[in-house]
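**Q** File coords_27.txt follows (compact mmCIF, C-alpha atoms):
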# COMPACT_ATOMS: atom_id res chain seq x y z
CA MET A 17 -168.81 -18.72 5.45
CA SER A 18 -169.00 -21.91 7.56
CA GLU A 19 -172.26 -22.83 5.79
CA HIS A 20 -170.52 -22.58 2.45
CA ALA A 21 -167.51 -24.58 3.56
CA ARG A 22 -169.75 -27.38 4.84
CA ASN A 23 -171.55 -27.65 1.52
CA ALA A 24 -168.33 -27.69 -0.45
CA GLU A 25 -166.96 -30.74 1.35
CA PRO A 26 -167.36 -34.23 -0.14
CA PRO A 27 -169.91 -36.21 1.89
CA VAL A 28 -167.74 -39.26 2.77
CA MET A 29 -164.75 -37.49 4.28
CA PRO A 30 -163.38 -39.17 7.44
CA LEU A 31 -164.04 -37.26 10.64
CA ALA A 32 -160.38 -36.50 11.33
CA LEU A 33 -159.93 -34.90 7.93
CA ARG A 34 -163.20 -33.04 8.20
CA ILE A 35 -162.08 -31.54 11.50
CA LYS A 36 -158.74 -30.61 9.98
CA ALA A 37 -160.40 -28.85 7.06
CA SER A 38 -162.80 -26.80 9.18
CA PRO A 39 -162.09 -23.09 9.58
CA SER A 40 -162.31 -23.41 13.35
CA TYR A 41 -159.53 -25.97 13.44
CA ARG A 42 -157.29 -23.94 11.15
CA THR A 43 -157.90 -20.80 13.18
CA PHE A 44 -157.08 -22.69 16.35
CA LYS A 45 -153.88 -24.24 15.02
CA ALA A 46 -152.64 -20.94 13.58
CA GLN A 47 -152.83 -19.21 16.95
CA PHE A 48 -151.86 -22.18 19.09
CA TRP A 49 -148.69 -23.14 17.27
CA ASP A 50 -147.94 -21.60 13.84
CA ASP A 51 -148.28 -17.97 14.94
CA ASN A 52 -148.10 -18.54 18.69
CA PRO A 53 -148.50 -15.17 20.43
CA LEU A 54 -145.43 -15.64 22.60
CA PHE A 55 -142.75 -17.23 20.49
CA ARG A 56 -143.77 -15.90 17.07
CA GLN A 57 -145.41 -12.55 17.71
CA ILE A 58 -143.75 -11.69 21.06
CA LEU A 59 -146.99 -10.40 22.54
CA GLY A 60 -147.95 -10.50 26.18
CA VAL A 61 -144.46 -11.11 27.46
CA CYS A 62 -144.78 -9.10 30.67
CA SER A 63 -147.17 -11.34 32.49
CA ALA A 64 -145.52 -14.41 30.98
CA LEU A 65 -142.43 -13.58 33.01
CA ALA A 66 -144.00 -12.22 36.15
CA VAL A 67 -146.37 -14.97 37.20
CA THR A 68 -144.36 -18.02 36.21
CA ASN A 69 -142.50 -18.73 39.45
CA LEU A 70 -145.40 -20.75 40.86
CA VAL A 71 -147.39 -23.20 38.75
CA LYS A 72 -150.64 -22.47 40.58
CA ASN A 73 -150.44 -18.73 39.89
CA THR A 74 -149.55 -19.52 36.30
CA LEU A 75 -152.61 -21.70 35.86
CA VAL A 76 -154.90 -19.02 37.27
CA MET A 77 -153.31 -16.38 35.08
CA CYS A 78 -153.58 -18.60 31.98
CA ALA A 79 -157.25 -19.24 32.65
CA ALA A 80 -157.86 -15.52 33.16
CA VAL A 81 -156.04 -14.50 29.97
CA THR A 82 -157.71 -17.21 27.88
CA LEU A 83 -161.13 -16.27 29.17
CA VAL A 84 -160.63 -12.54 28.64
CA THR A 85 -159.14 -12.96 25.16
CA ALA A 86 -161.84 -15.36 23.95
CA CYS A 87 -164.75 -13.39 25.42
CA SER A 88 -163.53 -9.96 24.35
CA SER A 89 -162.89 -11.17 20.80
CA CYS A 90 -166.34 -12.72 20.68
CA LEU A 91 -168.08 -9.67 22.17
CA TYR A 92 -166.29 -7.25 19.90
CA ALA A 93 -167.04 -9.41 16.84
CA LEU A 94 -170.73 -9.17 17.73
CA ILE A 95 -170.72 -5.37 17.62
CA ARG A 96 -167.96 -4.87 15.07
CA ASN A 97 -170.30 -3.62 12.35
CA ALA A 98 -172.02 -1.17 14.66
CA THR A 99 -168.77 0.41 15.86
CA PRO A 100 -167.35 3.40 13.95
CA ALA A 101 -163.72 2.82 12.95
CA ARG A 102 -162.50 5.92 14.75
CA THR A 103 -163.77 4.95 18.16
CA ARG A 104 -163.10 1.22 17.92
CA LEU A 105 -159.97 1.26 20.12
CA LEU A 106 -161.92 2.90 22.90
CA VAL A 107 -164.73 0.35 22.58
CA GLN A 108 -162.24 -2.52 22.57
CA MET A 109 -160.45 -1.20 25.65
CA LEU A 110 -163.75 -0.80 27.51
CA ILE A 111 -164.83 -4.37 26.68
CA ILE A 112 -161.48 -5.76 27.81
CA ALA A 113 -161.38 -3.64 30.96
CA SER A 114 -164.89 -4.69 31.96
CA LEU A 115 -164.05 -8.37 31.55
CA VAL A 116 -160.84 -7.92 33.53
CA ILE A 117 -162.79 -6.27 36.35
CA VAL A 118 -165.10 -9.29 36.41
CA VAL A 119 -162.13 -11.67 36.58
CA HIS A 120 -160.45 -9.56 39.26
CA LEU A 121 -163.54 -9.48 41.47
CA PHE A 122 -164.08 -13.21 40.96
CA LEU A 123 -160.52 -14.01 42.03
CA GLY A 124 -160.79 -11.67 45.01
CA ALA A 125 -163.96 -13.45 46.14
CA TYR A 126 -163.05 -17.09 45.56
CA MET A 127 -159.25 -17.35 45.43
CA PHE A 128 -158.10 -14.65 47.77
CA ALA A 129 -154.56 -15.95 48.37
CA VAL A 130 -153.79 -16.17 44.67
CA SER A 131 -155.43 -12.82 44.06
CA GLU A 132 -153.15 -11.22 46.67
CA GLN A 133 -150.07 -12.50 44.86
CA ILE A 134 -150.94 -11.82 41.25
CA GLY A 135 -153.64 -9.17 41.66
CA ALA A 136 -151.73 -6.37 39.95
CA TYR A 137 -150.86 -8.63 37.04
CA VAL A 138 -154.51 -9.60 36.58
CA GLY A 139 -155.28 -5.90 36.24
CA LEU A 140 -152.50 -5.67 33.71
CA ILE A 141 -154.31 -8.10 31.39
CA ILE A 142 -155.97 -4.90 30.13
CA THR A 143 -152.67 -3.75 28.68
CA ASN A 144 -151.61 -7.23 27.62
CA CYS A 145 -150.90 -6.69 23.94
CA LEU A 146 -152.03 -10.24 23.25
CA VAL A 147 -155.66 -9.43 24.06
CA LEU A 148 -155.89 -6.15 22.18
CA GLY A 149 -153.83 -7.63 19.33
CA ARG A 150 -156.27 -10.48 18.73
CA VAL A 151 -159.31 -8.24 19.00
CA GLU A 152 -157.85 -5.72 16.59
CA ALA A 153 -156.27 -8.17 14.13
CA PHE A 154 -158.94 -10.87 14.01
CA ALA A 155 -162.24 -9.91 15.61
CA THR A 156 -162.60 -6.75 13.51
CA LYS A 157 -162.85 -8.89 10.38
CA ASN A 158 -164.48 -12.17 11.48
CA GLY A 159 -167.67 -13.46 13.00
CA PRO A 160 -168.27 -14.11 16.71
CA TRP A 161 -167.67 -17.88 16.68
CA LEU A 162 -164.39 -17.77 14.77
CA SER A 163 -163.25 -14.82 16.87
CA PHE A 164 -164.02 -16.78 20.00
CA VAL A 165 -161.98 -19.74 18.69
CA ASP A 166 -159.16 -17.41 17.70
CA GLY A 167 -159.03 -15.74 21.09
CA PHE A 168 -159.32 -19.06 22.88
CA ALA A 169 -156.49 -20.52 20.78
CA ALA A 170 -154.27 -17.51 21.42
CA GLY A 171 -154.95 -17.96 25.12
CA CYS A 172 -154.09 -21.66 24.91
CA GLY A 173 -150.89 -20.95 23.00
CA TYR A 174 -149.97 -18.43 25.67
CA SER A 175 -150.77 -20.96 28.40
CA LEU A 176 -148.62 -23.61 26.72
CA VAL A 177 -145.56 -21.38 26.86
CA LEU A 178 -146.27 -20.16 30.38
CA LEU A 179 -146.58 -23.69 31.72
CA LEU A 180 -143.36 -24.72 30.01
CA VAL A 181 -141.61 -21.78 31.67
CA SER A 182 -143.20 -22.20 35.08
CA LEU A 183 -142.76 -25.96 35.63
CA PRO A 184 -138.94 -25.93 35.86
CA ARG A 185 -139.00 -22.65 37.76
CA GLU A 186 -141.18 -23.97 40.58
CA ILE A 187 -139.62 -27.45 40.68
CA LEU A 188 -136.04 -26.21 40.81
CA GLY A 189 -136.66 -22.98 42.69
CA PHE A 190 -139.05 -24.09 45.45
CA GLY A 191 -138.67 -27.87 45.10
CA SER A 192 -142.42 -28.20 44.82
CA LEU A 193 -145.14 -28.64 42.23
CA CYS A 194 -148.43 -26.79 42.77
CA GLY A 195 -147.40 -26.48 46.42
CA LEU A 196 -146.72 -30.21 46.91
CA ALA A 197 -143.19 -31.40 47.61
CA ALA A 198 -141.66 -32.68 44.38
CA VAL A 199 -137.96 -33.10 45.05
CA PRO A 200 -136.24 -34.40 48.20
CA GLU A 201 -135.34 -31.95 50.95
CA SER A 202 -131.67 -32.83 50.59
CA MET A 203 -131.48 -31.32 47.12
CA PRO A 204 -130.41 -27.68 47.26
CA ARG A 205 -132.90 -25.13 45.96
CA TRP A 206 -131.91 -22.97 43.00
CA ASN A 207 -132.84 -19.58 44.37
CA ILE A 208 -132.10 -17.91 41.06
CA MET A 209 -135.01 -19.79 39.46
CA VAL A 210 -137.47 -17.88 41.62
CA MET A 211 -136.00 -14.51 40.77
CA ALA A 212 -136.38 -12.28 37.75
CA PRO A 213 -133.49 -13.42 35.49
CA ALA A 214 -134.68 -17.03 35.39
CA GLY A 215 -137.98 -15.81 33.91
CA PHE A 216 -136.13 -14.20 31.04
CA PHE A 217 -133.87 -17.19 30.47
CA GLY A 218 -136.73 -19.67 30.75
CA LEU A 219 -138.77 -17.82 28.17
CA ALA A 220 -135.75 -17.52 25.89
CA VAL A 221 -135.14 -21.28 26.08
CA VAL A 222 -138.78 -22.05 25.28
CA ILE A 223 -138.66 -19.64 22.33
CA TRP A 224 -135.44 -21.27 21.17
CA VAL A 225 -136.82 -24.83 21.31
CA CYS A 226 -140.20 -24.00 19.74
CA ARG A 227 -138.73 -21.85 16.99
CA GLY A 228 -136.11 -24.55 16.36
CA LEU A 229 -138.86 -27.16 15.94
CA GLN A 230 -140.77 -24.89 13.59
CA LEU A 231 -137.71 -24.08 11.49
CA ARG A 232 -136.82 -27.75 11.25
CA ALA A 233 -140.37 -28.63 10.16
CA GLN A 234 -140.21 -25.93 7.50
CA ALA A 235 -136.83 -27.16 6.26
CA SER A 236 -137.95 -30.78 5.97
CA LYS A 237 -141.13 -29.66 4.18
CA ALA A 238 -139.12 -27.59 1.72
CA ARG A 239 -136.78 -30.48 0.85
CA PRO A 240 -138.70 -33.53 -0.38
CA GLY A 241 -137.27 -36.76 1.01
CA GLY A 242 -137.25 -35.87 4.70
CA LYS A 243 -134.33 -34.50 6.66
CA MET B 13 -148.78 4.05 54.27
CA PRO B 14 -145.21 2.76 54.44
CA ASP B 15 -142.96 5.39 55.96
CA VAL B 16 -140.32 5.65 53.25
CA SER B 17 -138.74 8.85 52.04
CA PRO B 18 -139.63 9.76 48.43
CA PHE B 19 -135.92 10.00 47.59
CA VAL B 20 -135.39 6.40 48.64
CA ILE B 21 -138.33 5.36 46.49
CA LEU B 22 -136.96 7.27 43.52
CA PHE B 23 -133.61 5.54 43.87
CA ALA B 24 -135.15 2.14 44.48
CA ALA B 25 -137.48 2.41 41.50
CA VAL B 26 -134.51 2.98 39.20
CA PHE B 27 -132.16 0.32 40.58
CA THR B 28 -133.44 -2.27 43.05
CA ASN B 29 -137.09 -2.33 41.93
CA ASN B 30 -136.66 -1.56 38.26
CA ILE B 31 -140.12 -1.80 36.74
CA LEU B 32 -138.80 -3.57 33.67
CA LEU B 33 -136.12 -5.90 34.95
CA VAL B 34 -137.73 -6.86 38.26
CA TYR B 35 -141.49 -6.52 37.62
CA PHE B 36 -141.28 -7.34 33.89
CA LEU B 37 -143.55 -4.49 32.87
CA GLY B 38 -143.38 -2.75 29.51
CA MET B 39 -141.65 -5.64 27.79
CA CYS B 40 -143.44 -5.43 24.43
CA SER B 41 -142.34 -1.96 23.46
CA PHE B 42 -139.02 -2.63 25.21
CA ILE B 43 -138.29 -5.43 22.73
CA ALA B 44 -139.84 -3.66 19.76
CA VAL B 45 -138.13 -0.25 19.92
CA SER B 46 -134.71 -1.16 21.30
CA ASN B 47 -133.18 -1.51 17.81
CA THR B 48 -131.31 1.77 17.79
CA VAL B 49 -130.19 4.07 20.59
CA PRO B 50 -131.82 7.32 19.31
CA THR B 51 -135.30 5.75 19.06
CA ALA B 52 -134.87 4.18 22.48
CA LEU B 53 -133.85 7.57 23.90
CA GLY B 54 -136.94 9.22 22.42
CA LEU B 55 -139.40 6.62 23.58
CA GLY B 56 -137.71 6.35 26.98
CA ALA B 57 -138.10 10.08 27.47
CA ALA B 58 -141.75 9.96 26.39
CA VAL B 59 -142.49 7.05 28.74
CA THR B 60 -140.76 8.82 31.63
CA PHE B 61 -142.80 11.94 30.98
CA VAL B 62 -146.08 10.06 30.76
CA SER B 63 -145.33 8.02 33.88
CA VAL B 64 -144.64 11.13 35.99
CA LEU B 65 -147.84 12.76 34.72
CA THR B 66 -149.83 9.59 35.29
CA ALA B 67 -148.62 9.22 38.86
CA ALA B 68 -149.32 12.90 39.52
CA ALA B 69 -152.85 12.69 38.09
CA GLY B 70 -153.67 9.13 39.10
CA TRP B 71 -153.10 9.57 42.84
CA PRO B 72 -155.65 12.41 43.32
CA VAL B 73 -158.17 10.69 41.05
CA TYR B 74 -157.95 7.47 43.05
CA HIS B 75 -157.74 8.87 46.56
CA LEU B 76 -159.95 11.96 46.19
CA VAL B 77 -162.59 10.65 43.79
CA LEU B 78 -162.77 6.86 43.69
CA VAL B 79 -162.16 6.09 47.38
CA PRO B 80 -164.72 8.57 48.80
CA LEU B 81 -167.31 7.28 46.34
CA GLY B 82 -166.46 3.63 47.08
CA LEU B 83 -165.73 2.96 43.42
CA GLU B 84 -162.27 1.38 43.80
CA TYR B 85 -163.23 -1.49 41.53
CA LEU B 86 -163.43 0.98 38.63
CA GLN B 87 -159.72 1.76 39.00
CA PHE B 88 -158.71 -0.20 35.90
CA ILE B 89 -161.06 1.69 33.57
CA VAL B 90 -160.35 5.06 35.15
CA PHE B 91 -156.58 4.62 35.00
CA ILE B 92 -156.57 3.42 31.40
CA VAL B 93 -158.73 6.33 30.24
CA LEU B 94 -156.50 8.74 32.14
CA ILE B 95 -153.38 7.27 30.56
CA ALA B 96 -154.93 7.38 27.08
CA ALA B 97 -155.74 11.06 27.51
CA LEU B 98 -152.22 11.88 28.74
CA VAL B 99 -150.62 9.96 25.86
CA GLN B 100 -152.79 11.86 23.40
CA PHE B 101 -151.55 15.08 24.98
CA VAL B 102 -147.88 14.05 24.79
CA GLU B 103 -148.37 13.00 21.19
CA MET B 104 -149.69 16.44 20.31
CA VAL B 105 -146.78 18.13 22.06
CA ILE B 106 -144.17 15.97 20.31
CA GLU B 107 -145.82 16.48 16.93
CA ARG B 108 -145.62 20.24 17.35
CA THR B 109 -142.08 20.38 18.72
CA SER B 110 -140.05 17.61 17.08
CA GLN B 111 -141.20 16.24 13.76
CA THR B 112 -138.24 13.82 13.44
CA LEU B 113 -138.89 12.25 16.83
CA TYR B 114 -142.59 12.01 15.96
CA VAL B 115 -141.81 10.12 12.74
CA ASN B 116 -139.24 7.88 14.43
CA LEU B 117 -141.56 6.85 17.26
CA GLY B 118 -144.43 6.27 14.83
CA ILE B 119 -146.92 3.72 16.08
CA PHE B 120 -145.13 3.24 19.41
CA LEU B 121 -146.19 6.63 20.66
CA PRO B 122 -149.92 5.82 20.85
CA LEU B 123 -148.93 2.36 22.09
CA ILE B 124 -147.57 3.91 25.29
CA THR B 125 -151.23 3.72 26.31
CA VAL B 126 -151.01 -0.05 26.42
CA ASN B 127 -147.49 -0.03 27.84
CA CYS B 128 -148.06 -2.07 30.95
CA ALA B 129 -145.31 -0.21 32.78
CA ILE B 130 -147.55 2.86 33.07
CA LEU B 131 -150.70 1.05 34.18
CA GLY B 132 -148.55 -1.19 36.35
CA LEU B 133 -146.99 1.67 38.27
CA CYS B 134 -150.47 3.06 38.98
CA LEU B 135 -151.70 -0.28 40.29
CA PHE B 136 -148.58 -0.78 42.41
CA MET B 137 -148.73 2.71 43.91
CA VAL B 138 -152.35 2.08 44.86
CA SER B 139 -151.82 -1.39 46.26
CA TRP B 140 -148.78 -0.28 48.30
CA SER B 141 -150.86 2.72 49.52
CA TYR B 142 -148.26 5.35 48.81
CA GLY B 143 -148.84 9.01 49.65
CA PHE B 144 -148.79 11.70 46.98
CA LEU B 145 -145.07 12.55 47.09
CA GLN B 146 -144.15 8.89 47.33
CA SER B 147 -146.32 8.15 44.30
CA LEU B 148 -144.71 10.96 42.38
CA ALA B 149 -141.24 9.64 43.21
CA TRP B 150 -142.30 6.11 42.31
CA GLY B 151 -143.70 7.31 38.96
CA ALA B 152 -140.60 9.30 38.12
CA GLY B 153 -138.28 6.53 39.26
CA SER B 154 -140.12 3.88 37.27
CA GLY B 155 -140.00 6.03 34.16
CA ILE B 156 -136.27 6.66 34.60
CA GLY B 157 -135.67 3.00 35.32
CA TRP B 158 -137.45 2.01 32.11
CA PHE B 159 -135.49 4.68 30.25
CA VAL B 160 -132.13 3.40 31.57
CA ALA B 161 -132.97 -0.20 30.77
CA VAL B 162 -134.23 0.43 27.24
CA VAL B 163 -131.29 2.62 26.29
CA ALA B 164 -128.80 0.09 27.67
CA LEU B 165 -130.50 -2.71 25.77
CA ALA B 166 -130.53 -0.70 22.55
CA GLY B 167 -126.78 -0.19 22.91
CA LEU B 168 -126.23 -3.91 23.41
CA ARG B 169 -128.46 -4.81 20.47
CA GLN B 170 -126.46 -2.60 18.15
CA LYS B 171 -123.44 -4.77 18.97
CA ILE B 172 -125.38 -8.04 18.64
CA ARG B 173 -126.09 -7.20 15.02
CA PHE B 174 -122.50 -8.24 14.25
CA SER B 175 -122.59 -11.51 16.18
CA LYS B 176 -123.58 -14.95 15.04
CA VAL B 177 -126.86 -15.89 16.71
CA PRO B 178 -128.53 -19.33 16.31
CA PRO B 179 -131.29 -18.91 13.70
CA ALA B 180 -134.06 -20.03 16.05
CA LEU B 181 -133.02 -17.44 18.63
CA GLU B 182 -132.69 -14.50 16.25
CA GLY B 183 -134.61 -11.32 16.95
CA ALA B 184 -136.75 -11.48 20.05
CA GLY B 185 -135.14 -14.61 21.51
CA ILE B 186 -131.66 -13.22 21.86
CA THR B 187 -133.08 -9.91 23.07
CA ILE B 188 -134.77 -11.73 25.94
CA VAL B 189 -131.51 -13.50 26.81
CA VAL B 190 -129.75 -10.12 26.91
CA ALA B 191 -132.54 -8.69 29.05
CA GLY B 192 -132.12 -11.64 31.41
CA THR B 193 -128.42 -10.92 31.71
CA MET B 194 -129.24 -7.30 32.47
CA ALA B 195 -131.73 -8.42 35.10
CA MET B 196 -128.95 -10.48 36.67
CA ALA B 197 -126.66 -7.47 36.68
CA PHE B 198 -129.37 -5.41 38.35
CA MET B 199 -129.72 -8.11 41.02
CA GLY B 200 -126.41 -6.78 42.25
CA PHE B 201 -128.34 -3.79 43.60
CA ALA B 202 -130.81 -5.97 45.47
CA GLY B 203 -131.05 -5.43 49.20
CA MET B 204 -129.66 -1.91 49.19
CA VAL B 205 -133.01 -0.34 50.03
CA ALA B 206 -136.46 -1.71 50.76
CA ILE B 207 -139.56 0.20 49.71
CA ARG B 208 -142.41 -2.01 50.81
Any chance you could give the structure as structure tokens?

**A**
Amino acid sequence: MSEHARNAEPPVMPLALRIKASPSYRTFKAQFWDDNPLFRQILGVCSALAVTNLVKNTLVMCAAVTLVTACSSCLYALIRNATPARTRLLVQMLIIASLVIVVHLFLGAYMFAVSEQIGAYVGLIITNCLVLGRVEAFATKNGPWLSFVDGFAAGCGYSLVLLLVSLPREILGFGSLCGLAAVPESMPRWNIMVMAPAGFFGLAVVIWVCRGLQLRAQASKARPGGK
Amino acid sequence: MPDVSPFVILFAAVFTNNILLVYFLGMCSFIAVSNTVPTALGLGAAVTFVSVLTAAAGWPVYHLVLVPLGLEYLQFIVFIVLIAALVQFVEMVIERTSQTLYVNLGIFLPLITVNCAILGLCLFMVSWSYGFLQSLAWGAGSGIGWFVAVVALAGLRQKIRFSKVPPALEGAGITIVVAGTMAMAFMGFAGMVAIR
């Protein structure tokens, strides 16, 4: 597939265009923005809300989810032709669970404080619909490299939203950023930002803004002559 | 083991420590099936049932099998296989007893397996080192809490259908705003009981 696409391209294409035309780039962009797992497909919401009150926890969680999604997609794509259709869910779950165990043990060994706080949510990556969704929807039909890119992009799209939610929550709620003081002591802390409802509202605002941007882009594309 | 009465845990799991509105677990199916009240009732009941069974089966498996063998790190795989088996069982029961409910729940019935609320309650009961009765109460309470939240949201969403929602917020967006408002309402219960 990639071999064919490379041959079909004219030889003097500029690099930027050649990157844009490659299947890897299109796969990445589709998951990162156009069909972003969180604000288009509403997958993986649970952890998006639970870990976003501290930026540091969010970063660790994002790295874990991106790694698990990319690796499980890639691994499943490698054995997709050898797996009978009836047992594929079981195989997928086992791959994901094994990777999550690796991540969990790694966090427990090297980042114990973070692991104590978000440990249960790391385990819950197994049931994060984002991971299983990408494996089932993409890796069952595509090769290992593209599946890896797809999973990685889905993870990055997820991380983008999580960071957007977590930055205001930590800055306003704790007055800090990654544990460092960010706003003066005299400013009152917004306790609500640390608690559950702010997670919901933060995610809703991010969905609103991102969907709004997408809808506007579609509208201006549909009408020639700009806005 | 924290010395808390199972009744307190049951109450707390429904109100102050609602698995959905405080721990954000089980959001995907919560957003997907809360369109109409009857479907929400059916799925809520199924989730409650599975969560009680999972807590009842998960506690002995963890404390009587995994801990003596020193295999705690396998808890994720063991719990997920256990949940999958229980969901399969519930699916068979519903198919035999209520064909309409079976058709209405459709794909969401097998998806209870990947409902993070169920796996989440197992992981929480293990990490808080609850005893058997406490785990049972926690499982039942979490299931009921999820049930209450999903049915309430379904009722609200039936009303939202007649309101004017900004186009970019339609569907999941506005549902999350409503869920946030519900979470705020449930904060009113906070501090009544402590279970950890």

**Q** For A:Met203, work out the shell of residues within 12 Å, counting only C-alpha atoms and skipping chain neighbours fewer than 2 positions away, then give it as a PDB file with C-alpha atoms, in the frame of the given file.

**A**
ATOM      1  CA  ILE A 187    -139.620 -27.450  40.680  1.00  0.00           C
ATOM      2  CA  LEU A 188    -136.040 -26.210  40.810  1.00  0.00           C
ATOM      3  CA  GLY A 189    -136.660 -22.980  42.690  1.00  0.00           C
ATOM      4  CA  PHE A 190    -139.050 -24.090  45.450  1.00  0.00           C
ATOM      5  CA  GLY A 191    -138.670 -27.870  45.100  1.00  0.00           C
ATOM      6  CA  SER A 192    -142.420 -28.200  44.820  1.00  0.00           C
ATOM      7  CA  ALA A 197    -143.190 -31.400  47.610  1.00  0.00           C
ATOM      8  CA  ALA A 198    -141.660 -32.680  44.380  1.00  0.00           C
ATOM      9  CA  VAL A 199    -137.960 -33.100  45.050  1.00  0.00           C
ATOM     10  CA  PRO A 200    -136.240 -34.400  48.200  1.00  0.00           C
ATOM     11  CA  GLU A 201    -135.340 -31.950  50.950  1.00  0.00           C
ATOM     12  CA  ARG A 205    -132.900 -25.130  45.960  1.00  0.00           C
ATOM     13  CA  TRP A 206    -131.910 -22.970  43.000  1.00  0.00           C
TER      14      TRP A 206
END

**Q** Restrict the distance test to all atoms listed in the file, flag each residue of chain B within 7 Å of chain A, and return the flagged residues as a PDB file with C-alpha atoms, in the frame of the given file.

**A**
ATOM      1  CA  LEU B  33    -136.120  -5.900  34.950  1.00  0.00           C
ATOM      2  CA  VAL B  34    -137.730  -6.860  38.260  1.00  0.00           C
ATOM      3  CA  TYR B  35    -141.490  -6.520  37.620  1.00  0.00           C
ATOM      4  CA  PHE B  36    -141.280  -7.340  33.890  1.00  0.00           C
ATOM      5  CA  LEU B  37    -143.550  -4.490  32.870  1.00  0.00           C
ATOM      6  CA  GLY B  38    -143.380  -2.750  29.510  1.00  0.00           C
ATOM      7  CA  MET B  39    -141.650  -5.640  27.790  1.00  0.00           C
ATOM      8  CA  CYS B  40    -143.440  -5.430  24.430  1.00  0.00           C
ATOM      9  CA  PHE B  88    -158.710  -0.200  35.900  1.00  0.00           C
ATOM     10  CA  ILE B  89    -161.060   1.690  33.570  1.00  0.00           C
ATOM     11  CA  VAL B 126    -151.010  -0.050  26.420  1.00  0.00           C
ATOM     12  CA  ASN B 127    -147.490  -0.030  27.840  1.00  0.00           C
ATOM     13  CA  CYS B 128    -148.060  -2.070  30.950  1.00  0.00           C
ATOM     14  CA  LEU B 131    -150.700   1.050  34.180  1.00  0.00           C
ATOM     15  CA  GLY B 132    -148.550  -1.190  36.350  1.00  0.00           C
ATOM     16  CA  LEU B 135    -151.700  -0.280  40.290  1.00  0.00           C
ATOM     17  CA  PHE B 136    -148.580  -0.780  42.410  1.00  0.00           C
ATOM     18  CA  ALA B 180    -134.060 -20.030  16.050  1.00  0.00           C
ATOM     19  CA  LEU B 181    -133.020 -17.440  18.630  1.00  0.00           C
ATOM     20  CA  GLY B 185    -135.140 -14.610  21.510  1.00  0.00           C
ATOM     21  CA  ILE B 188    -134.770 -11.730  25.940  1.00  0.00           C
ATOM     22  CA  VAL B 189    -131.510 -13.500  26.810  1.00  0.00           C
ATOM     23  CA  ALA B 191    -132.540  -8.690  29.050  1.00  0.00           C
ATOM     24  CA  GLY B 192    -132.120 -11.640  31.410  1.00  0.00           C
ATOM     25  CA  THR B 193    -128.420 -10.920  31.710  1.00  0.00           C
ATOM     26  CA  ALA B 195    -131.730  -8.420  35.100  1.00  0.00           C
ATOM     27  CA  MET B 196    -128.950 -10.480  36.670  1.00  0.00           C
TER      28      MET B 196
END

**Q** Which is closest to B:Phe198 among B:Leu76, B:Ala24, B:Met137, B:Leu113, if we use all atoms listed in the file?

**A**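 With all atoms listed in the file as the atom set, the closest residue is B:Ala24.
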
**Q** Rounded to one decimal in Å, what is the spacing between atom CA of A:Pro100 and atom CA of A:Glu152?

**A**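 That distance, rounded to one decimal, is 13.4 Å.
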
**Q** Skip B:Asn29 itself and residues of its chain fewer than 4 positions away, then list as a list in words all residues within 10 Å of it, counting only C-alpha atoms.

**A**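 Selected residues are Ile21, Leu22, Phe23, Ala24, Ala25, Leu33, Val34, Tyr35, Trp150, Gly153, Ser154, Gly157, Phe198, Met199, Phe201, Ala202, Gly203, Val205, Ala206 and Ile207 of chain B.
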
**Q** Tell me, in Å to one decimal, how far atom CA of B:Ala161 is from atom CA of B:Leu121.

**A**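 Result for atom CA of B:Ala161 versus atom CA of B:Leu121: 18.0 Å, one decimal.
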